[in-house]
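Accompanying notes for the structure given below.
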Amino acid sequence: MGKVTEVKHPLIQHKLTMMRQQETGSKDFRELLTEITILLGYEVTKDMQLVDVEIETPVCKTTAKVLEGKKLAIVPILRAGIGMVDGMTTLLPAAKVGHLGLYRDPETLKPVEYYCKMPEDMESRDVLIIDPMLATGGSSVAAIDVIKRIGAKSIKLVNLVAAPEGIAEVQKYHDDVDIFVASIDEKLNDHGYIVPGLGDAGDRLFGTK
Ligand code: PRP
Ligand code: URA
């Protein structure tokens, strides 16, 4: 079974509380999401492999560690996933970014795919799918389906807020995927919104309604 990590760092909890508040506007919402993504990214990248290199400091020669250089792909689920791209690419500047457009049909809550543009060599990349909201899990399951179909084998899912129902759905269909999340909230409401959640992440990021 994939691991679920709720990253309960005090800075993350404080910043997430600000994001949840309905009076927080788009500018602050965007900045806070970037900051939390960087903090989440610290945990997500904890198992990255290192190799030894010989270097020379101003004082002496020594052996030191650098990243092994495994290729990465960051895949935001549009739209709201875009709000996590800057944070992730700040940490991982060499990663390629693929875009996957999915929206939830408001009636059925089922994901509808409308765009997909991935780096060419996805089968050899470790993939980080990013989306602030894991609600019913439909969008994340569909995203992982797409990424696996392209050939990627190593996939992690990074969310800001998740409902227990969404986590269970991802585990049901993709039990090899590790999930990292800033908060596992209480439940979904009758409209498929996370409770207490933060509302519609895409609308709050981009100022739409
Ligand atoms: C939101 C969110 C997720 C999805 C989560 O996107 O960003 O992608 O809902 O819900 P689920 O787990 O029930 O599938 P939305 O469909 O609102 O599209 P948008 O980001 O374009 O507004
Ligand atoms: N999508 C969102 O943006 N928010 C929710 O609470 C659920 C799905």
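By order of appearance in the structure tokens: chains A, B, ..., then residues from 1 within every chain, and ligands from 1 in the order shown.
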
Who sits within 12 Å of segment 50-60 of chain A, only C-alpha atoms, same chain under 6 positions skipped, as a list of chain:residue names:
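Once the nearby chain positions are removed, what remains is A:Val66, A:Leu67, A:Glu68, A:Gly69, A:Lys70.
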
Report as a tab-separated table: every residue of chain A with an atom at most 10 Å from ligand 2, its closest pair of atoms, and their distance in Å to one decimal, counting only C-alpha atoms and all ligand atoms, with rows sorted by chain and ascending residue number.
```
residue	atom	partner	partner_atom_place_in_ligand_line	distance
A:Arg79	CA	ligand 2	3 (O)	9.4
A:Ala80	CA	ligand 2	3 (O)	7.3
A:Tyr103	CA	ligand 2	1 (N)	9.1
A:Arg104	CA	ligand 2	8 (C)	8.0
A:Leu109	CA	ligand 2	8 (C)	8.9
A:Asp131	CA	ligand 2	3 (O)	9.3
A:Pro132	CA	ligand 2	3 (O)	7.6
A:Met133	CA	ligand 2	2 (C)	5.5
A:Leu134	CA	ligand 2	8 (C)	6.8
A:Ala135	CA	ligand 2	7 (C)	4.9
A:Thr136	CA	ligand 2	7 (C)	7.6
A:Gly137	CA	ligand 2	8 (C)	9.0
A:Gly138	CA	ligand 2	8 (C)	9.9
A:Ser139	CA	ligand 2	8 (C)	9.2
A:Val161	CA	ligand 2	6 (O)	8.3
A:Ala162	CA	ligand 2	6 (O)	8.6
A:Ala163	CA	ligand 2	6 (O)	8.6
A:Gly166	CA	ligand 2	7 (C)	9.9
A:Lys187	CA	ligand 2	6 (O)	9.7
A:Leu188	CA	ligand 2	6 (O)	7.6
A:Asn189	CA	ligand 2	6 (O)	8.6
A:His191	CA	ligand 2	7 (C)	8.4
A:Gly192	CA	ligand 2	7 (C)	5.8
A:Tyr193	CA	ligand 2	6 (O)	3.5
A:Ile194	CA	ligand 2	6 (O)	3.8
A:Val195	CA	ligand 2	6 (O)	7.0
A:Pro196	CA	ligand 2	6 (O)	8.2
A:Gly197	CA	ligand 2	6 (O)	5.5
A:Leu198	CA	ligand 2	6 (O)	6.3
A:Gly199	CA	ligand 2	4 (N)	5.0
A:Asp200	CA	ligand 2	3 (O)	3.4
A:Ala201	CA	ligand 2	3 (O)	3.9
A:Gly202	CA	ligand 2	3 (O)	5.7
A:Asp203	CA	ligand 2	3 (O)	7.5
A:Arg204	CA	ligand 2	3 (O)	8.4
A:Leu205	CA	ligand 2	3 (O)	9.7
```

Export, as a compact mmCIF listing (two decimals), in the first residue's frame, the selected residues with N, CA, C and O atoms.
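Writing done, so here's selection34.txt:
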```txt
# COMPACT_ATOMS: atom_id res chain seq x y z
N ARG A 79 -6.85 23.39 -13.27
CA ARG A 79 -6.09 24.60 -13.17
C ARG A 79 -5.29 24.71 -11.87
O ARG A 79 -4.19 25.27 -11.84
N ALA A 80 -5.90 24.27 -10.77
CA ALA A 80 -5.35 24.66 -9.47
C ALA A 80 -3.93 24.17 -9.23
O ALA A 80 -3.17 24.80 -8.50
N TYR A 103 -11.19 18.84 -15.51
CA TYR A 103 -12.12 19.56 -14.63
C TYR A 103 -13.21 18.60 -14.17
O TYR A 103 -13.51 17.63 -14.86
N ARG A 104 -13.77 18.89 -13.02
CA ARG A 104 -14.85 18.05 -12.49
C ARG A 104 -16.16 18.49 -13.09
O ARG A 104 -16.53 19.67 -12.97
N LEU A 109 -19.57 15.10 -10.90
CA LEU A 109 -18.29 15.19 -10.17
C LEU A 109 -17.20 14.30 -10.79
O LEU A 109 -16.13 14.12 -10.22
N ASP A 131 -1.61 18.90 -7.07
CA ASP A 131 -2.96 19.47 -7.12
C ASP A 131 -3.33 19.82 -5.68
O ASP A 131 -3.22 18.97 -4.79
N PRO A 132 -3.75 21.06 -5.42
CA PRO A 132 -4.05 21.41 -4.02
C PRO A 132 -5.15 20.53 -3.41
O PRO A 132 -5.11 20.26 -2.22
N MET A 133 -6.13 20.09 -4.21
CA MET A 133 -7.30 19.45 -3.62
C MET A 133 -7.44 17.99 -4.04
O MET A 133 -7.45 17.66 -5.23
N LEU A 134 -7.57 17.11 -3.05
CA LEU A 134 -7.91 15.70 -3.28
C LEU A 134 -9.26 15.49 -2.61
O LEU A 134 -9.34 15.32 -1.39
N ALA A 135 -10.33 15.57 -3.40
CA ALA A 135 -11.68 15.55 -2.82
C ALA A 135 -12.31 14.16 -2.96
O ALA A 135 -12.07 13.29 -2.13
N THR A 136 -13.06 13.91 -4.05
CA THR A 136 -13.57 12.54 -4.27
C THR A 136 -12.45 11.60 -4.69
O THR A 136 -12.58 10.39 -4.60
N GLY A 137 -11.38 12.21 -5.22
CA GLY A 137 -10.25 11.41 -5.72
C GLY A 137 -10.34 11.13 -7.21
O GLY A 137 -9.39 10.64 -7.81
N GLY A 138 -11.48 11.49 -7.82
CA GLY A 138 -11.67 11.19 -9.24
C GLY A 138 -10.58 11.81 -10.13
O GLY A 138 -10.04 11.14 -11.00
N SER A 139 -10.25 13.08 -9.88
CA SER A 139 -9.25 13.75 -10.73
C SER A 139 -7.87 13.13 -10.54
O SER A 139 -7.15 12.90 -11.53
N VAL A 161 -4.76 19.82 0.62
CA VAL A 161 -5.83 19.36 1.50
C VAL A 161 -6.48 18.13 0.88
O VAL A 161 -6.78 18.11 -0.32
N ALA A 162 -6.70 17.10 1.70
CA ALA A 162 -7.32 15.87 1.20
C ALA A 162 -8.49 15.48 2.08
O ALA A 162 -8.48 15.69 3.29
N ALA A 163 -9.51 14.90 1.45
CA ALA A 163 -10.60 14.25 2.20
C ALA A 163 -10.24 12.78 2.37
O ALA A 163 -9.64 12.20 1.45
N GLY A 166 -11.11 10.74 -0.64
CA GLY A 166 -10.22 10.87 -1.81
C GLY A 166 -8.97 10.01 -1.66
O GLY A 166 -8.51 9.38 -2.62
N LYS A 187 -14.13 15.48 5.99
CA LYS A 187 -15.04 14.73 5.10
C LYS A 187 -15.35 15.56 3.84
O LYS A 187 -14.90 16.71 3.71
N LEU A 188 -16.17 14.99 2.97
CA LEU A 188 -16.74 15.71 1.83
C LEU A 188 -18.17 16.12 2.18
O LEU A 188 -18.86 15.39 2.88
N ASN A 189 -18.61 17.27 1.63
CA ASN A 189 -20.03 17.59 1.79
C ASN A 189 -20.84 17.04 0.61
O ASN A 189 -20.27 16.37 -0.27
N HIS A 191 -21.88 18.33 -1.99
CA HIS A 191 -21.48 18.85 -3.30
C HIS A 191 -20.06 18.42 -3.66
O HIS A 191 -19.49 18.95 -4.62
N GLY A 192 -19.49 17.52 -2.89
CA GLY A 192 -18.14 17.05 -3.20
C GLY A 192 -17.06 18.03 -2.80
O GLY A 192 -15.92 17.92 -3.27
N TYR A 193 -17.38 18.98 -1.92
CA TYR A 193 -16.37 19.91 -1.41
C TYR A 193 -15.80 19.39 -0.09
O TYR A 193 -16.50 18.77 0.71
N ILE A 194 -14.50 19.67 0.09
CA ILE A 194 -13.84 19.22 1.31
C ILE A 194 -14.28 20.09 2.49
O ILE A 194 -14.34 21.33 2.38
N VAL A 195 -14.58 19.45 3.62
CA VAL A 195 -14.99 20.13 4.86
C VAL A 195 -13.92 19.91 5.94
O VAL A 195 -13.53 18.77 6.17
N PRO A 196 -13.36 20.98 6.58
CA PRO A 196 -13.68 22.38 6.33
C PRO A 196 -13.09 22.92 5.03
O PRO A 196 -13.59 23.87 4.48
N GLY A 197 -11.99 22.36 4.54
CA GLY A 197 -11.44 22.72 3.24
C GLY A 197 -11.07 24.18 3.10
O GLY A 197 -10.75 24.87 4.10
N LEU A 198 -11.09 24.67 1.88
CA LEU A 198 -10.80 26.08 1.63
C LEU A 198 -11.61 26.61 0.46
O LEU A 198 -11.31 27.65 -0.11
N GLY A 199 -12.65 25.86 0.09
CA GLY A 199 -13.50 26.30 -1.04
C GLY A 199 -12.94 25.78 -2.35
O GLY A 199 -12.26 24.75 -2.39
N ASP A 200 -13.23 26.51 -3.42
CA ASP A 200 -12.77 26.11 -4.76
C ASP A 200 -11.37 26.67 -4.99
O ASP A 200 -11.19 27.89 -5.14
N ALA A 201 -10.38 25.79 -5.00
CA ALA A 201 -8.98 26.23 -5.06
C ALA A 201 -8.69 27.01 -6.35
O ALA A 201 -8.00 28.03 -6.32
N GLY A 202 -9.21 26.53 -7.48
CA GLY A 202 -8.97 27.21 -8.76
C GLY A 202 -9.54 28.62 -8.75
O GLY A 202 -8.86 29.58 -9.14
N ASP A 203 -10.76 28.76 -8.29
CA ASP A 203 -11.39 30.08 -8.24
C ASP A 203 -10.64 31.01 -7.30
O ASP A 203 -10.45 32.20 -7.61
N ARG A 204 -10.20 30.51 -6.17
CA ARG A 204 -9.52 31.37 -5.21
C ARG A 204 -8.13 31.78 -5.71
O ARG A 204 -7.67 32.90 -5.48
N LEU A 205 -7.48 30.88 -6.45
CA LEU A 205 -6.15 31.21 -7.00
C LEU A 205 -6.23 32.26 -8.09
O LEU A 205 -5.40 33.16 -8.17
```

Can you tell me how far atom CA of Val177 of chain A sits from atom CA of Leu157 of chain A, in Å to one decimal?
6.9 Å

If we count only C-alpha atoms and set the cut-off at 10 Å, which residues sit around segment 92-94 of chain A, ignoring sequence neighbours fewer than 4 positions away in its own chain? Please answer as a ChimeraX atom specification.
/A:38,41,45,69,71-74,86-88

Write a file of the selected residues as a PDB file, in the first residue's frame, keeping N, CA, C and O atoms.
```pdb
ATOM      1  N   ILE A  38       6.748  24.562  -1.120  1.00  0.00           N
ATOM      2  CA  ILE A  38       8.185  24.416  -0.860  1.00  0.00           C
ATOM      3  C   ILE A  38       8.402  23.590   0.418  1.00  0.00           C
ATOM      4  O   ILE A  38       9.239  22.684   0.456  1.00  0.00           O
ATOM      5  N   GLY A  41       7.537  20.097  -0.291  1.00  0.00           N
ATOM      6  CA  GLY A  41       8.554  19.539  -1.195  1.00  0.00           C
ATOM      7  C   GLY A  41       9.766  19.022  -0.441  1.00  0.00           C
ATOM      8  O   GLY A  41      10.397  18.040  -0.843  1.00  0.00           O
ATOM      9  N   THR A  45      10.857  15.122  -1.143  1.00  0.00           N
ATOM     10  CA  THR A  45      12.154  14.824  -1.771  1.00  0.00           C
ATOM     11  C   THR A  45      13.132  14.145  -0.809  1.00  0.00           C
ATOM     12  O   THR A  45      14.304  13.945  -1.153  1.00  0.00           O
ATOM     13  N   GLY A  69      20.833  12.589  -9.735  1.00  0.00           N
ATOM     14  CA  GLY A  69      20.447  13.168 -11.026  1.00  0.00           C
ATOM     15  C   GLY A  69      19.367  12.393 -11.743  1.00  0.00           C
ATOM     16  O   GLY A  69      19.232  12.468 -12.962  1.00  0.00           O
ATOM     17  N   LYS A  71      16.000  11.711 -13.390  1.00  0.00           N
ATOM     18  CA  LYS A  71      15.175  12.708 -14.065  1.00  0.00           C
ATOM     19  C   LYS A  71      13.788  12.781 -13.427  1.00  0.00           C
ATOM     20  O   LYS A  71      13.222  11.767 -13.051  1.00  0.00           O
ATOM     21  N   LEU A  72      13.274  14.011 -13.338  1.00  0.00           N
ATOM     22  CA  LEU A  72      11.985  14.238 -12.675  1.00  0.00           C
ATOM     23  C   LEU A  72      10.996  14.889 -13.622  1.00  0.00           C
ATOM     24  O   LEU A  72      11.387  15.642 -14.527  1.00  0.00           O
ATOM     25  N   ALA A  73       9.727  14.625 -13.400  1.00  0.00           N
ATOM     26  CA  ALA A  73       8.669  15.397 -14.064  1.00  0.00           C
ATOM     27  C   ALA A  73       7.681  15.867 -13.003  1.00  0.00           C
ATOM     28  O   ALA A  73       7.286  15.096 -12.126  1.00  0.00           O
ATOM     29  N   ILE A  74       7.321  17.130 -13.102  1.00  0.00           N
ATOM     30  CA  ILE A  74       6.293  17.698 -12.231  1.00  0.00           C
ATOM     31  C   ILE A  74       5.045  17.863 -13.089  1.00  0.00           C
ATOM     32  O   ILE A  74       5.116  18.457 -14.178  1.00  0.00           O
ATOM     33  N   ASP A  86       5.425  26.826  -9.134  1.00  0.00           N
ATOM     34  CA  ASP A  86       6.569  27.673  -8.775  1.00  0.00           C
ATOM     35  C   ASP A  86       7.300  27.127  -7.552  1.00  0.00           C
ATOM     36  O   ASP A  86       8.534  27.110  -7.509  1.00  0.00           O
ATOM     37  N   GLY A  87       6.544  26.667  -6.576  1.00  0.00           N
ATOM     38  CA  GLY A  87       7.155  26.118  -5.360  1.00  0.00           C
ATOM     39  C   GLY A  87       7.991  24.888  -5.676  1.00  0.00           C
ATOM     40  O   GLY A  87       9.141  24.767  -5.241  1.00  0.00           O
ATOM     41  N   MET A  88       7.423  23.984  -6.453  1.00  0.00           N
ATOM     42  CA  MET A  88       8.145  22.740  -6.764  1.00  0.00           C
ATOM     43  C   MET A  88       9.364  23.005  -7.653  1.00  0.00           C
ATOM     44  O   MET A  88      10.424  22.410  -7.448  1.00  0.00           O
TER      45      MET A  88
END
```

Considering only C-alpha atoms, state which residue in the set A:Lys209, A:Thr37, A:Ser140, A:Gly151 is at the smallest distance from Lys172 of chain A.
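That would be A:Ser140, the residue with the smallest distance to Lys172 of chain A.
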
Point out the residue among A:Gly101, A:Glu165, A:Ser124, A:Ile36 with the least atom-to-atom distance to Pro10 of chain A, counting only C-alpha atoms.
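Of the candidates, the smallest distance to Pro10 of chain A is held by A:Ile36.
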
Any chance you could list, as a ChimeraX atom specification, the residues in segment 49-209 of chain A that come up strand (DSSP E or B) when DSSP is run on the backbone?
/A:50-56,61-67,72-78,96-97,99-104,111-117,126-130,133-134,154-162,178-184,187-188,194-195

Write the residues of the preceding selection, restricted to C-alpha atoms, as an mmCIF file, in the first residue's frame.
```
data_model
loop_
_atom_site.group_PDB
_atom_site.id
_atom_site.type_symbol
_atom_site.label_atom_id
_atom_site.label_comp_id
_atom_site.auth_asym_id
_atom_site.auth_seq_id
_atom_site.Cartn_x
_atom_site.Cartn_y
_atom_site.Cartn_z
ATOM 1 C CA LEU A 50 22.830 10.974 -3.527
ATOM 2 C CA VAL A 51 26.238 10.130 -4.974
ATOM 3 C CA ASP A 52 29.748 11.066 -3.853
ATOM 4 C CA VAL A 53 31.823 13.633 -5.722
ATOM 5 C CA GLU A 54 35.346 14.854 -5.114
ATOM 6 C CA ILE A 55 35.476 18.611 -4.594
ATOM 7 C CA GLU A 56 37.908 21.192 -3.399
ATOM 8 C CA LYS A 61 39.988 18.425 -0.966
ATOM 9 C CA THR A 62 36.996 16.414 0.280
ATOM 10 C CA THR A 63 34.295 13.979 -0.728
ATOM 11 C CA ALA A 64 30.785 15.439 -0.703
ATOM 12 C CA LYS A 65 27.262 14.514 -1.775
ATOM 13 C CA VAL A 66 25.265 15.640 -4.803
ATOM 14 C CA LEU A 67 21.945 14.410 -6.156
ATOM 15 C CA LEU A 72 11.985 14.238 -12.675
ATOM 16 C CA ALA A 73 8.669 15.397 -14.064
ATOM 17 C CA ILE A 74 6.293 17.698 -12.231
ATOM 18 C CA VAL A 75 2.703 17.378 -13.444
ATOM 19 C CA PRO A 76 0.178 19.972 -12.238
ATOM 20 C CA ILE A 77 -3.496 19.097 -12.683
ATOM 21 C CA LEU A 78 -5.000 22.216 -14.272
ATOM 22 C CA LYS A 96 10.467 19.068 -16.670
ATOM 23 C CA VAL A 97 6.843 20.172 -16.311
ATOM 24 C CA HIS A 99 0.424 19.793 -17.962
ATOM 25 C CA LEU A 100 -2.755 17.798 -17.537
ATOM 26 C CA GLY A 101 -6.108 19.555 -17.938
ATOM 27 C CA LEU A 102 -8.960 17.976 -15.973
ATOM 28 C CA TYR A 103 -12.121 19.558 -14.632
ATOM 29 C CA ARG A 104 -14.851 18.049 -12.494
ATOM 30 C CA PRO A 111 -13.206 14.304 -14.169
ATOM 31 C CA VAL A 112 -13.196 15.412 -17.811
ATOM 32 C CA GLU A 113 -9.805 15.516 -19.584
ATOM 33 C CA TYR A 114 -9.258 18.480 -21.927
ATOM 34 C CA TYR A 115 -5.475 18.882 -22.243
ATOM 35 C CA CYS A 116 -2.343 16.773 -21.966
ATOM 36 C CA LYS A 117 1.210 17.822 -22.810
ATOM 37 C CA ASP A 126 10.072 10.053 -11.368
ATOM 38 C CA VAL A 127 6.753 11.902 -11.488
ATOM 39 C CA LEU A 128 5.270 14.301 -8.938
ATOM 40 C CA ILE A 129 1.595 14.999 -9.604
ATOM 41 C CA ILE A 130 0.549 18.226 -7.883
ATOM 42 C CA MET A 133 -7.303 19.447 -3.620
ATOM 43 C CA LEU A 134 -7.909 15.697 -3.285
ATOM 44 C CA SER A 154 7.402 5.991 -10.150
ATOM 45 C CA ILE A 155 4.622 8.391 -9.157
ATOM 46 C CA LYS A 156 3.973 10.497 -6.062
ATOM 47 C CA LEU A 157 0.881 12.605 -5.435
ATOM 48 C CA VAL A 158 1.275 15.932 -3.616
ATOM 49 C CA ASN A 159 -1.815 17.733 -2.310
ATOM 50 C CA LEU A 160 -2.537 20.596 0.038
ATOM 51 C CA VAL A 161 -5.832 19.357 1.505
ATOM 52 C CA ALA A 162 -7.324 15.868 1.197
ATOM 53 C CA ASP A 178 2.637 7.613 -2.093
ATOM 54 C CA ILE A 179 0.539 10.629 -1.069
ATOM 55 C CA PHE A 180 1.917 13.749 0.650
ATOM 56 C CA VAL A 181 -0.587 16.235 2.048
ATOM 57 C CA ALA A 182 -0.569 19.246 4.359
ATOM 58 C CA SER A 183 -3.908 18.331 5.957
ATOM 59 C CA ILE A 184 -6.299 15.399 5.955
ATOM 60 C CA LYS A 187 -15.043 14.734 5.096
ATOM 61 C CA LEU A 188 -16.740 15.713 1.827
ATOM 62 C CA ILE A 194 -13.841 19.219 1.312
ATOM 63 C CA VAL A 195 -14.990 20.129 4.856
#
```

Can you work out the spacing between atom CA of Leu16 of chain A and atom CA of Glu35 of chain A in Å, to one decimal?
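Separation between atom CA of Leu16 of chain A and atom CA of Glu35 of chain A: 9.9 Å.
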
Pick out each residue of segment 12-97 of chain A that DSSP on the backbone tags as helix (DSSP H, G or I); I need them as a PyMOL selection string.
chain A and resi 12-20+26-44+80-91

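Among A:Lys46, A:Ser26, A:Thr34, A:Pro106, the residue with the shortest atom-to-atom distance to Ile82 of chain A, counting only C-alpha atoms, is A:Thr34.
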
Can you pull out the residues contacting Met122 of chain A? Cut-off 7 Å, using only C-alpha atoms, and skip same-chain residues under 3 positions away; I want them as a PyMOL selection string.
chain A and resi 119+125+150-152

C-alpha atoms of the current selection, written as a PDB file, in the first residue's frame:
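Okay, part-v6.pdb is ready:
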```pdb
ATOM      1  CA  PRO A 119       7.758  15.636 -21.559  1.00  0.00           C
ATOM      2  CA  ARG A 125      11.201   9.987 -14.994  1.00  0.00           C
ATOM      3  CA  ILE A 150       2.335   7.027 -20.890  1.00  0.00           C
ATOM      4  CA  GLY A 151       4.743   4.633 -19.185  1.00  0.00           C
ATOM      5  CA  ALA A 152       5.808   6.281 -15.930  1.00  0.00           C
TER       6      ALA A 152
END
```

So the first atom is atom CA of Pro164 of chain A and the second is atom CA of Val44 of chain A; what is the distance between them in Å, to one decimal place?
19.8 Å

So, counting only C-alpha atoms and all ligand atoms, which residue among A:Tyr173, A:Glu123, A:Asp145, A:Asp105 is closest to ligand 1?
A:Asp105

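In terms of minimum interatomic distance to Arg149 of chain A, A:Met118 ranks closest within A:Met1, A:Met118, A:Asp185, A:Ile12, counting only C-alpha atoms.
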
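Considering only C-alpha atoms and all ligand atoms, the residue among A:Leu40, A:Val146, A:Val4, A:Met84 positioned nearest to ligand 1 is A:Met84.
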